[in-house]
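K.L.:
Dropping in start-v4.cif, with mmCIF, N, CA and C atoms.
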```
data_work
#
loop_
_atom_site.label_atom_id
_atom_site.label_comp_id
_atom_site.auth_asym_id
_atom_site.auth_seq_id
_atom_site.Cartn_x
_atom_site.Cartn_y
_atom_site.Cartn_z
N MET A 1321 172.32 52.53 50.92
CA MET A 1321 171.76 53.88 50.79
C MET A 1321 172.16 54.70 52.00
N LEU A 1322 172.63 55.91 51.76
CA LEU A 1322 173.03 56.80 52.84
C LEU A 1322 171.80 57.28 53.60
N GLN A 1323 171.80 57.03 54.88
CA GLN A 1323 170.71 57.49 55.72
C GLN A 1323 170.99 58.93 56.14
N SER A 1324 169.93 59.64 56.42
CA SER A 1324 170.10 61.01 56.88
C SER A 1324 170.56 60.99 58.33
N VAL A 1325 171.66 61.69 58.58
CA VAL A 1325 172.20 61.82 59.93
C VAL A 1325 172.57 63.28 60.14
N SER A 1326 172.77 63.61 61.38
CA SER A 1326 173.15 64.97 61.74
C SER A 1326 174.59 65.25 61.31
N LEU A 1327 174.81 66.44 60.85
CA LEU A 1327 176.14 66.88 60.46
C LEU A 1327 177.11 66.77 61.63
N ARG A 1328 176.60 66.97 62.83
CA ARG A 1328 177.42 66.93 64.05
C ARG A 1328 178.19 65.62 64.17
N ASP A 1329 177.62 64.53 63.64
CA ASP A 1329 178.25 63.22 63.75
C ASP A 1329 179.49 63.07 62.89
N TYR A 1330 179.66 63.91 61.87
CA TYR A 1330 180.77 63.77 60.94
C TYR A 1330 181.64 65.01 60.76
N MET A 1331 181.22 66.14 61.30
CA MET A 1331 182.01 67.36 61.11
C MET A 1331 183.33 67.27 61.86
N LEU A 1332 184.30 68.02 61.38
CA LEU A 1332 185.56 68.17 62.11
C LEU A 1332 185.31 69.20 63.21
N PRO A 1333 185.43 68.80 64.48
CA PRO A 1333 185.08 69.73 65.56
C PRO A 1333 186.08 70.87 65.76
N HIS A 1334 187.28 70.72 65.31
CA HIS A 1334 188.29 71.77 65.50
C HIS A 1334 189.02 72.01 64.18
N PRO A 1335 188.35 72.72 63.26
CA PRO A 1335 188.99 72.93 61.95
C PRO A 1335 190.20 73.84 62.06
N ALA A 1336 191.09 73.68 61.10
CA ALA A 1336 192.26 74.56 61.03
C ALA A 1336 191.77 75.98 60.73
N THR A 1337 192.29 76.93 61.47
CA THR A 1337 191.88 78.33 61.31
C THR A 1337 193.09 79.22 61.13
N VAL A 1338 192.81 80.42 60.64
CA VAL A 1338 193.82 81.46 60.52
C VAL A 1338 193.12 82.78 60.80
N HIS A 1339 193.84 83.70 61.39
CA HIS A 1339 193.29 85.02 61.67
C HIS A 1339 193.29 85.83 60.38
N ARG A 1340 192.29 86.66 60.21
CA ARG A 1340 192.15 87.47 58.98
C ARG A 1340 193.33 88.42 58.78
N ASP A 1341 194.03 88.78 59.86
CA ASP A 1341 195.16 89.70 59.76
C ASP A 1341 196.51 88.98 59.65
N ALA A 1342 196.49 87.65 59.50
CA ALA A 1342 197.73 86.90 59.33
C ALA A 1342 198.27 87.10 57.92
N SER A 1343 199.55 86.86 57.77
CA SER A 1343 200.13 86.93 56.43
C SER A 1343 199.70 85.69 55.64
N LEU A 1344 199.68 85.84 54.35
CA LEU A 1344 199.33 84.70 53.50
C LEU A 1344 200.38 83.60 53.64
N SER A 1345 201.60 84.00 53.89
CA SER A 1345 202.68 83.02 54.11
C SER A 1345 202.37 82.16 55.33
N ASP A 1346 201.89 82.77 56.42
CA ASP A 1346 201.51 82.01 57.61
C ASP A 1346 200.35 81.07 57.31
N ALA A 1347 199.38 81.54 56.52
CA ALA A 1347 198.24 80.71 56.15
C ALA A 1347 198.69 79.49 55.34
N MET A 1348 199.62 79.71 54.42
CA MET A 1348 200.12 78.59 53.61
C MET A 1348 200.82 77.56 54.49
N THR A 1349 201.56 78.02 55.49
CA THR A 1349 202.22 77.11 56.42
C THR A 1349 201.18 76.26 57.16
N ILE A 1350 200.10 76.87 57.60
CA ILE A 1350 199.03 76.15 58.32
C ILE A 1350 198.39 75.12 57.39
N ILE A 1351 198.13 75.51 56.16
CA ILE A 1351 197.54 74.57 55.19
C ILE A 1351 198.46 73.37 54.98
N ILE A 1352 199.73 73.64 54.78
CA ILE A 1352 200.70 72.56 54.53
C ILE A 1352 200.86 71.66 55.75
N GLU A 1353 201.04 72.27 56.93
CA GLU A 1353 201.27 71.48 58.14
C GLU A 1353 200.06 70.64 58.54
N ASN A 1354 198.85 71.14 58.27
CA ASN A 1354 197.64 70.42 58.64
C ASN A 1354 197.11 69.53 57.52
N ARG A 1355 197.77 69.60 56.36
CA ARG A 1355 197.37 68.78 55.21
C ARG A 1355 195.90 68.95 54.88
N VAL A 1356 195.48 70.21 54.75
CA VAL A 1356 194.10 70.54 54.41
C VAL A 1356 194.10 71.39 53.14
N SER A 1357 192.95 71.48 52.52
CA SER A 1357 192.86 72.24 51.27
C SER A 1357 192.37 73.67 51.50
N GLY A 1358 192.08 74.02 52.75
CA GLY A 1358 191.63 75.37 53.04
C GLY A 1358 191.45 75.59 54.53
N LEU A 1359 191.25 76.85 54.88
CA LEU A 1359 191.15 77.24 56.28
C LEU A 1359 189.90 78.08 56.53
N CYS A 1360 189.39 77.99 57.75
CA CYS A 1360 188.36 78.91 58.21
C CYS A 1360 189.08 80.15 58.71
N VAL A 1361 188.61 81.32 58.32
CA VAL A 1361 189.24 82.57 58.72
C VAL A 1361 188.41 83.19 59.84
N ILE A 1362 189.09 83.57 60.91
CA ILE A 1362 188.41 84.11 62.09
C ILE A 1362 188.89 85.52 62.41
N ASN A 1363 188.11 86.21 63.25
CA ASN A 1363 188.50 87.54 63.73
C ASN A 1363 188.98 87.43 65.17
N ASP A 1364 189.18 88.58 65.83
CA ASP A 1364 189.69 88.59 67.21
C ASP A 1364 188.76 87.88 68.19
N GLN A 1365 187.47 87.84 67.91
CA GLN A 1365 186.50 87.19 68.80
C GLN A 1365 186.34 85.70 68.48
N GLY A 1366 187.05 85.22 67.50
CA GLY A 1366 186.95 83.81 67.11
C GLY A 1366 185.76 83.52 66.22
N SER A 1367 185.12 84.56 65.72
CA SER A 1367 183.97 84.39 64.84
C SER A 1367 184.46 84.17 63.41
N LEU A 1368 183.72 83.36 62.68
CA LEU A 1368 184.03 83.09 61.29
C LEU A 1368 183.79 84.35 60.45
N VAL A 1369 184.79 84.74 59.66
CA VAL A 1369 184.64 85.90 58.79
C VAL A 1369 184.94 85.57 57.33
N GLY A 1370 185.39 84.34 57.06
CA GLY A 1370 185.69 83.95 55.69
C GLY A 1370 186.31 82.58 55.61
N VAL A 1371 186.66 82.20 54.40
CA VAL A 1371 187.39 80.96 54.15
C VAL A 1371 188.52 81.27 53.18
N LEU A 1372 189.58 80.52 53.29
CA LEU A 1372 190.75 80.69 52.43
C LEU A 1372 191.15 79.32 51.91
N SER A 1373 191.19 79.17 50.60
CA SER A 1373 191.57 77.90 50.01
C SER A 1373 193.02 77.90 49.56
N GLU A 1374 193.54 76.72 49.29
CA GLU A 1374 194.89 76.65 48.76
C GLU A 1374 194.94 77.29 47.37
N LEU A 1375 193.83 77.26 46.63
CA LEU A 1375 193.79 77.95 45.34
C LEU A 1375 193.88 79.46 45.50
N ASP A 1376 193.25 79.99 46.56
CA ASP A 1376 193.37 81.42 46.85
C ASP A 1376 194.84 81.77 47.09
N CYS A 1377 195.53 80.92 47.82
CA CYS A 1377 196.96 81.15 48.10
C CYS A 1377 197.78 81.10 46.83
N LEU A 1378 197.49 80.13 45.98
CA LEU A 1378 198.22 80.01 44.72
C LEU A 1378 198.00 81.22 43.83
N ARG A 1379 196.76 81.72 43.78
CA ARG A 1379 196.48 82.94 43.01
C ARG A 1379 197.33 84.11 43.51
N SER A 1380 197.43 84.21 44.83
CA SER A 1380 198.21 85.28 45.43
C SER A 1380 199.68 85.18 45.06
N ILE A 1381 200.21 83.98 45.13
CA ILE A 1381 201.63 83.77 44.81
C ILE A 1381 201.90 84.14 43.36
N LEU A 1382 201.06 83.66 42.46
CA LEU A 1382 201.26 83.95 41.05
C LEU A 1382 201.14 85.45 40.76
N SER A 1383 200.19 86.10 41.41
CA SER A 1383 200.01 87.53 41.25
C SER A 1383 201.24 88.28 41.77
N ALA A 1384 201.75 87.85 42.92
CA ALA A 1384 202.93 88.51 43.50
C ALA A 1384 204.15 88.34 42.60
N VAL A 1385 204.32 87.16 42.04
CA VAL A 1385 205.46 86.92 41.15
C VAL A 1385 205.31 87.77 39.89
N TYR A 1386 204.12 87.77 39.30
CA TYR A 1386 203.88 88.53 38.08
C TYR A 1386 204.05 90.03 38.29
N ASN A 1387 203.56 90.53 39.43
CA ASN A 1387 203.61 91.96 39.70
C ASN A 1387 204.81 92.39 40.53
N ASN A 1388 205.67 91.43 40.90
CA ASN A 1388 206.85 91.69 41.71
C ASN A 1388 206.48 92.41 43.01
N THR A 1389 205.49 91.85 43.70
CA THR A 1389 205.02 92.39 44.98
C THR A 1389 205.04 91.30 46.04
N SER A 1390 204.68 91.65 47.27
CA SER A 1390 204.57 90.64 48.32
C SER A 1390 203.21 89.94 48.20
N THR A 1391 203.06 88.83 48.90
CA THR A 1391 201.82 88.06 48.80
C THR A 1391 200.67 88.67 49.57
N GLY A 1392 200.92 89.47 50.57
CA GLY A 1392 199.84 90.15 51.27
C GLY A 1392 199.29 89.41 52.46
N MET A 1393 198.07 89.78 52.81
CA MET A 1393 197.43 89.28 54.03
C MET A 1393 196.24 88.39 53.67
N VAL A 1394 195.86 87.57 54.63
CA VAL A 1394 194.73 86.66 54.44
C VAL A 1394 193.48 87.45 54.04
N ARG A 1395 193.22 88.55 54.72
CA ARG A 1395 192.01 89.34 54.46
C ARG A 1395 191.91 89.80 53.01
N ASP A 1396 193.06 89.89 52.32
CA ASP A 1396 193.06 90.34 50.94
C ASP A 1396 192.63 89.26 49.95
N TYR A 1397 192.67 88.01 50.37
CA TYR A 1397 192.42 86.90 49.44
C TYR A 1397 191.32 85.94 49.89
N MET A 1398 190.87 86.07 51.12
CA MET A 1398 189.83 85.17 51.62
C MET A 1398 188.49 85.45 50.93
N ALA A 1399 187.66 84.42 50.87
CA ALA A 1399 186.29 84.60 50.39
C ALA A 1399 185.43 84.94 51.60
N SER A 1400 184.67 86.02 51.50
CA SER A 1400 183.83 86.42 52.63
C SER A 1400 182.43 86.82 52.20
N ASP A 1401 182.24 87.13 50.93
CA ASP A 1401 180.92 87.51 50.44
C ASP A 1401 180.05 86.27 50.26
N HIS A 1402 178.82 86.36 50.71
CA HIS A 1402 177.84 85.27 50.54
C HIS A 1402 178.40 83.94 51.08
N LEU A 1403 179.00 84.01 52.25
CA LEU A 1403 179.60 82.84 52.88
C LEU A 1403 178.52 81.84 53.28
N LEU A 1404 178.61 80.63 52.77
CA LEU A 1404 177.65 79.59 53.12
C LEU A 1404 178.17 78.83 54.32
N VAL A 1405 177.32 78.68 55.32
CA VAL A 1405 177.67 77.93 56.52
C VAL A 1405 176.58 76.90 56.80
N ALA A 1406 176.91 75.96 57.65
CA ALA A 1406 175.95 74.94 58.06
C ALA A 1406 175.78 75.00 59.57
N HIS A 1407 174.69 74.43 60.05
CA HIS A 1407 174.44 74.27 61.48
C HIS A 1407 174.72 72.80 61.82
N PRO A 1408 175.27 72.51 62.99
CA PRO A 1408 175.64 71.13 63.31
C PRO A 1408 174.47 70.14 63.32
N ASP A 1409 173.24 70.62 63.45
CA ASP A 1409 172.10 69.71 63.46
C ASP A 1409 171.45 69.54 62.09
N GLU A 1410 172.04 70.15 61.07
CA GLU A 1410 171.50 69.99 59.71
C GLU A 1410 171.71 68.56 59.24
N ASP A 1411 170.87 68.17 58.31
CA ASP A 1411 170.95 66.84 57.72
C ASP A 1411 172.16 66.77 56.79
N ILE A 1412 172.98 65.75 56.96
CA ILE A 1412 174.23 65.64 56.21
C ILE A 1412 173.97 65.49 54.70
N VAL A 1413 172.89 64.83 54.33
CA VAL A 1413 172.56 64.65 52.91
C VAL A 1413 172.20 66.00 52.29
N ASP A 1414 171.42 66.81 53.00
CA ASP A 1414 171.06 68.13 52.49
C ASP A 1414 172.29 69.01 52.30
N VAL A 1415 173.19 68.97 53.27
CA VAL A 1415 174.42 69.77 53.19
C VAL A 1415 175.28 69.29 52.02
N ALA A 1416 175.41 67.97 51.87
CA ALA A 1416 176.21 67.42 50.77
C ALA A 1416 175.64 67.86 49.42
N GLN A 1417 174.34 67.79 49.26
CA GLN A 1417 173.71 68.20 48.00
C GLN A 1417 173.96 69.69 47.73
N ASN A 1418 173.86 70.51 48.77
CA ASN A 1418 174.08 71.93 48.61
C ASN A 1418 175.54 72.23 48.27
N MET A 1419 176.45 71.50 48.87
CA MET A 1419 177.87 71.69 48.56
C MET A 1419 178.14 71.35 47.09
N LEU A 1420 177.53 70.29 46.60
CA LEU A 1420 177.68 69.91 45.20
C LEU A 1420 177.10 70.97 44.27
N MET A 1421 175.91 71.45 44.62
CA MET A 1421 175.26 72.48 43.79
C MET A 1421 176.10 73.75 43.71
N ASN A 1422 176.80 74.07 44.78
CA ASN A 1422 177.60 75.29 44.85
C ASN A 1422 179.08 75.05 44.53
N ASN A 1423 179.40 73.80 44.19
CA ASN A 1423 180.78 73.45 43.83
C ASN A 1423 181.78 73.85 44.92
N LYS A 1424 181.46 73.49 46.17
CA LYS A 1424 182.32 73.80 47.32
C LYS A 1424 182.81 72.51 47.96
N ARG A 1425 184.07 72.50 48.35
CA ARG A 1425 184.69 71.33 48.96
C ARG A 1425 184.57 71.29 50.48
N ARG A 1426 184.23 72.44 51.06
CA ARG A 1426 184.14 72.50 52.52
C ARG A 1426 183.05 73.46 52.91
N ARG A 1427 182.54 73.28 54.13
CA ARG A 1427 181.49 74.17 54.64
C ARG A 1427 181.75 74.37 56.13
N PRO A 1428 182.00 75.61 56.55
CA PRO A 1428 182.14 75.88 57.98
C PRO A 1428 180.82 75.58 58.68
N VAL A 1429 180.93 75.11 59.93
CA VAL A 1429 179.75 74.80 60.73
C VAL A 1429 179.71 75.81 61.88
N VAL A 1430 178.59 76.53 61.96
CA VAL A 1430 178.45 77.61 62.93
C VAL A 1430 177.22 77.36 63.79
N GLU A 1431 177.39 77.58 65.09
CA GLU A 1431 176.27 77.44 66.04
C GLU A 1431 176.30 78.63 66.98
N ASN A 1432 175.18 79.31 67.12
CA ASN A 1432 175.08 80.50 67.97
C ASN A 1432 176.14 81.54 67.61
N GLY A 1433 176.39 81.68 66.30
CA GLY A 1433 177.34 82.68 65.84
C GLY A 1433 178.81 82.32 65.98
N ARG A 1434 179.11 81.14 66.48
CA ARG A 1434 180.49 80.72 66.70
C ARG A 1434 180.87 79.55 65.79
N LEU A 1435 182.08 79.56 65.30
CA LEU A 1435 182.61 78.46 64.51
C LEU A 1435 182.78 77.25 65.42
N VAL A 1436 182.09 76.15 65.10
CA VAL A 1436 182.17 74.94 65.93
C VAL A 1436 182.71 73.74 65.16
N GLY A 1437 182.91 73.91 63.85
CA GLY A 1437 183.41 72.78 63.07
C GLY A 1437 183.45 73.09 61.60
N GLN A 1438 183.71 72.04 60.85
CA GLN A 1438 183.74 72.14 59.40
C GLN A 1438 183.42 70.77 58.82
N ILE A 1439 182.70 70.76 57.73
CA ILE A 1439 182.44 69.51 57.02
C ILE A 1439 183.12 69.63 55.66
N THR A 1440 183.79 68.58 55.25
CA THR A 1440 184.47 68.58 53.96
C THR A 1440 184.03 67.35 53.16
N CYS A 1441 184.44 67.32 51.92
CA CYS A 1441 184.12 66.17 51.08
C CYS A 1441 184.65 64.87 51.70
N ARG A 1442 185.77 64.94 52.35
CA ARG A 1442 186.35 63.74 52.97
C ARG A 1442 185.44 63.18 54.06
N GLN A 1443 184.87 64.05 54.88
CA GLN A 1443 183.95 63.58 55.92
C GLN A 1443 182.66 63.04 55.30
N LEU A 1444 182.22 63.66 54.21
CA LEU A 1444 181.02 63.17 53.53
C LEU A 1444 181.27 61.77 52.95
N LEU A 1445 182.44 61.55 52.39
CA LEU A 1445 182.78 60.22 51.88
C LEU A 1445 182.83 59.20 53.02
N LYS A 1446 183.31 59.61 54.16
CA LYS A 1446 183.34 58.73 55.34
C LYS A 1446 181.91 58.35 55.74
N ALA A 1447 181.00 59.29 55.71
CA ALA A 1447 179.59 59.01 56.05
C ALA A 1447 179.01 58.00 55.08
N VAL A 1448 179.30 58.17 53.79
CA VAL A 1448 178.81 57.22 52.78
C VAL A 1448 179.38 55.84 53.05
N GLN A 1449 180.67 55.77 53.33
CA GLN A 1449 181.32 54.50 53.60
C GLN A 1449 180.73 53.81 54.82
N ASP A 1450 180.42 54.57 55.85
CA ASP A 1450 179.84 54.00 57.08
C ASP A 1450 178.47 53.39 56.85
N PHE A 1451 177.75 53.89 55.85
CA PHE A 1451 176.39 53.43 55.62
C PHE A 1451 176.24 52.51 54.43
N LYS A 1452 177.37 52.01 53.91
CA LYS A 1452 177.32 51.05 52.79
C LYS A 1452 176.80 49.72 53.25
#
```
Translate this file's structure into structure tokens.

P.N.:
Amino acid sequence: MLQSVSLRDYMLPHPATVHRDASLSDAMTIIIENRVSGLCVINDQGSLVGVLSELDCLRSILSAVYNNTSTGMVRDYMASDHLLVAHPDEDIVDVAQNMLMNNKRRRPVVENGRLVGQITCRQLLKAVQDFK
């Protein structure tokens, strides 16, 4: 049975990020090079302002091909409305349940207004494996 532990014990402390004003092409390169399914989007102060998934990038590419346009900027495709975040001291089981309820694969971790990490399904599976 998975015991309740702090999210801090399993979060990725330095998630892959991209600036909101970066090109979508640059974001795709970061996703590919870091072998992740999405990025935390930050502003000039390093504050979290959104998330960008590989599906967001794919939508952009298909739209650009269909409309014969460029792919655009991260800010044009990132999710920023109703952004769900976690605190590093939250219970990992509660966060996992909430991620499932909201059908999300990742959750940025914010402390004192600053991005300090990210929890993904992979880290949650690692927590389950550790407590088998």

K.L.:
For the file shown, report as a short mmCIF file (atom, residue, chain, number, x, y, z; two decimals) with N, CA and C atoms, in the frame of the given file the outcome of the PyMOL selection byres ((chain A and resi 1409) around 6.5) at residue level.

P.N.:
```cif
data_model
loop_
_atom_site.label_atom_id
_atom_site.label_comp_id
_atom_site.auth_asym_id
_atom_site.auth_seq_id
_atom_site.Cartn_x
_atom_site.Cartn_y
_atom_site.Cartn_z
N SER A 1326 172.77 63.61 61.38
CA SER A 1326 173.15 64.97 61.74
C SER A 1326 174.59 65.25 61.31
N LEU A 1327 174.81 66.44 60.85
CA LEU A 1327 176.14 66.88 60.46
C LEU A 1327 177.11 66.77 61.63
N ARG A 1328 176.60 66.97 62.83
CA ARG A 1328 177.42 66.93 64.05
C ARG A 1328 178.19 65.62 64.17
N ALA A 1406 176.91 75.96 57.65
CA ALA A 1406 175.95 74.94 58.06
C ALA A 1406 175.78 75.00 59.57
N HIS A 1407 174.69 74.43 60.05
CA HIS A 1407 174.44 74.27 61.48
C HIS A 1407 174.72 72.80 61.82
N PRO A 1408 175.27 72.51 62.99
CA PRO A 1408 175.64 71.13 63.31
C PRO A 1408 174.47 70.14 63.32
N GLU A 1410 172.04 70.15 61.07
CA GLU A 1410 171.50 69.99 59.71
C GLU A 1410 171.71 68.56 59.24
N ASP A 1411 170.87 68.17 58.31
CA ASP A 1411 170.95 66.84 57.72
C ASP A 1411 172.16 66.77 56.79
#
```

K.L.:
Suppose a student applies the PyMOL selection byres ((chain A and resi 1400) around 6) to this structure; what residues should they get, written as a PyMOL selection string?

P.N.:
chain A and resi 1369-1371+1398-1399+1401-1403

K.L.:
Which residue, A:Val1430, A:Val1413, A:Leu1359, A:Leu1378, has the smallest gap to Val1338 of chain A when you use all atoms listed in the file?

P.N.:
A:Leu1359

K.L.:
Starting from the shown file, work through the PyMOL selection byres ((chain A and resi 1440) around 6) and note down what comes out as a compact mmCIF listing (two decimals) with N, CA and C atoms, keeping the file's coordinate frame.

P.N.:
```txt
# COMPACT_ATOMS: atom_id res chain seq x y z
N ARG A 1425 184.07 72.50 48.35
CA ARG A 1425 184.69 71.33 48.96
C ARG A 1425 184.57 71.29 50.48
N ARG A 1426 184.23 72.44 51.06
CA ARG A 1426 184.14 72.50 52.52
C ARG A 1426 183.05 73.46 52.91
N ARG A 1427 182.54 73.28 54.13
CA ARG A 1427 181.49 74.17 54.64
C ARG A 1427 181.75 74.37 56.13
N GLN A 1438 183.71 72.04 60.85
CA GLN A 1438 183.74 72.14 59.40
C GLN A 1438 183.42 70.77 58.82
N ILE A 1439 182.70 70.76 57.73
CA ILE A 1439 182.44 69.51 57.02
C ILE A 1439 183.12 69.63 55.66
N CYS A 1441 184.44 67.32 51.92
CA CYS A 1441 184.12 66.17 51.08
C CYS A 1441 184.65 64.87 51.70
N ARG A 1442 185.77 64.94 52.35
CA ARG A 1442 186.35 63.74 52.97
C ARG A 1442 185.44 63.18 54.06
N GLN A 1443 184.87 64.05 54.88
CA GLN A 1443 183.95 63.58 55.92
C GLN A 1443 182.66 63.04 55.30
N LEU A 1444 182.22 63.66 54.21
CA LEU A 1444 181.02 63.17 53.53
C LEU A 1444 181.27 61.77 52.95
```

K.L.:
Atom N of Gly1358 of chain A and atom CA of Glu1374 of chain A are how many Å apart?

P.N.:
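Those two atoms sit 5.5 Å apart.
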
K.L.:
What lies within 10 Å of Asp1396 of chain A using only C-alpha atoms, ignoring chain neighbours under 2 positions off, as a list in words?

P.N.:
Arg1340, Asp1341, Ser1343, Leu1344, Asp1376, Ser1380, Thr1391, Gly1392, Met1393, Val1394, Met1398 and Ala1399 of chain A

K.L.:
Using the selection just defined, write its residues with N, CA and C atoms as a PDB file, keeping the file's coordinate frame.

P.N.:
```
ATOM      1  N   ARG A1340     192.290  86.660  60.210  1.00  0.00           N
ATOM      2  CA  ARG A1340     192.150  87.470  58.980  1.00  0.00           C
ATOM      3  C   ARG A1340     193.330  88.420  58.780  1.00  0.00           C
ATOM      4  N   ASP A1341     194.030  88.780  59.860  1.00  0.00           N
ATOM      5  CA  ASP A1341     195.160  89.700  59.760  1.00  0.00           C
ATOM      6  C   ASP A1341     196.510  88.980  59.650  1.00  0.00           C
ATOM      7  N   SER A1343     199.550  86.860  57.770  1.00  0.00           N
ATOM      8  CA  SER A1343     200.130  86.930  56.430  1.00  0.00           C
ATOM      9  C   SER A1343     199.700  85.690  55.640  1.00  0.00           C
ATOM     10  N   LEU A1344     199.680  85.840  54.350  1.00  0.00           N
ATOM     11  CA  LEU A1344     199.330  84.700  53.500  1.00  0.00           C
ATOM     12  C   LEU A1344     200.380  83.600  53.640  1.00  0.00           C
ATOM     13  N   ASP A1376     193.250  79.990  46.560  1.00  0.00           N
ATOM     14  CA  ASP A1376     193.370  81.420  46.850  1.00  0.00           C
ATOM     15  C   ASP A1376     194.840  81.770  47.090  1.00  0.00           C
ATOM     16  N   SER A1380     197.430  84.210  44.830  1.00  0.00           N
ATOM     17  CA  SER A1380     198.210  85.280  45.430  1.00  0.00           C
ATOM     18  C   SER A1380     199.680  85.180  45.060  1.00  0.00           C
ATOM     19  N   THR A1391     203.060  88.830  48.900  1.00  0.00           N
ATOM     20  CA  THR A1391     201.820  88.060  48.800  1.00  0.00           C
ATOM     21  C   THR A1391     200.670  88.670  49.570  1.00  0.00           C
ATOM     22  N   GLY A1392     200.920  89.470  50.570  1.00  0.00           N
ATOM     23  CA  GLY A1392     199.840  90.150  51.270  1.00  0.00           C
ATOM     24  C   GLY A1392     199.290  89.410  52.460  1.00  0.00           C
ATOM     25  N   MET A1393     198.070  89.780  52.810  1.00  0.00           N
ATOM     26  CA  MET A1393     197.430  89.280  54.030  1.00  0.00           C
ATOM     27  C   MET A1393     196.240  88.390  53.670  1.00  0.00           C
ATOM     28  N   VAL A1394     195.860  87.570  54.630  1.00  0.00           N
ATOM     29  CA  VAL A1394     194.730  86.660  54.440  1.00  0.00           C
ATOM     30  C   VAL A1394     193.480  87.450  54.040  1.00  0.00           C
ATOM     31  N   MET A1398     190.870  86.070  51.120  1.00  0.00           N
ATOM     32  CA  MET A1398     189.830  85.170  51.620  1.00  0.00           C
ATOM     33  C   MET A1398     188.490  85.450  50.930  1.00  0.00           C
ATOM     34  N   ALA A1399     187.660  84.420  50.870  1.00  0.00           N
ATOM     35  CA  ALA A1399     186.290  84.600  50.390  1.00  0.00           C
ATOM     36  C   ALA A1399     185.430  84.940  51.600  1.00  0.00           C
TER      37      ALA A1399
END
```

K.L.:
Can you measure atom C of Tyr1397 of chain A to atom N of Cys1377 of chain A for me? One decimal in Å is fine.

P.N.:
6.9 Å

K.L.:
Quick check for you: according to DSSP on this backbone, which residues of chain A are classed as strand (DSSP E or B)? Reply as a ChimeraX atom specification.

P.N.:
/A:1326,1332,1337-1339,1343,1358-1362,1368-1373,1393,1399,1406,1411,1426-1431,1434-1440

K.L.:
Could you check the closest approach to Gly1366 of chain A for each of A:Met1348, A:Leu1435, A:Ser1383, A:Thr1389 and tell me which residue wins, using all atoms listed in the file?

P.N.:
A:Leu1435

K.L.:
Rounded to one decimal, what separation in Å do you get between atom C of Leu1332 of chain A and atom CA of Arg1395 of chain A?

P.N.:
23.0 Å

K.L.:
Identify, on the basis of all atoms listed in the file, every residue whose closest approach to His1339 of chain A does not exceed 6 Å; exclude the query and any residue fewer than 2 positions from it along the same chain; express the result as a compact mmCIF listing (two decimals) with N, CA and C atoms, in the frame of the given file.

P.N.:
```txt
# COMPACT_ATOMS: atom_id res chain seq x y z
N THR A 1337 192.29 76.93 61.47
CA THR A 1337 191.88 78.33 61.31
C THR A 1337 193.09 79.22 61.13
N ASP A 1341 194.03 88.78 59.86
CA ASP A 1341 195.16 89.70 59.76
C ASP A 1341 196.51 88.98 59.65
N ALA A 1342 196.49 87.65 59.50
CA ALA A 1342 197.73 86.90 59.33
C ALA A 1342 198.27 87.10 57.92
N VAL A 1361 188.61 81.32 58.32
CA VAL A 1361 189.24 82.57 58.72
C VAL A 1361 188.41 83.19 59.84
N ILE A 1362 189.09 83.57 60.91
CA ILE A 1362 188.41 84.11 62.09
C ILE A 1362 188.89 85.52 62.41
N ASN A 1363 188.11 86.21 63.25
CA ASN A 1363 188.50 87.54 63.73
C ASN A 1363 188.98 87.43 65.17
```
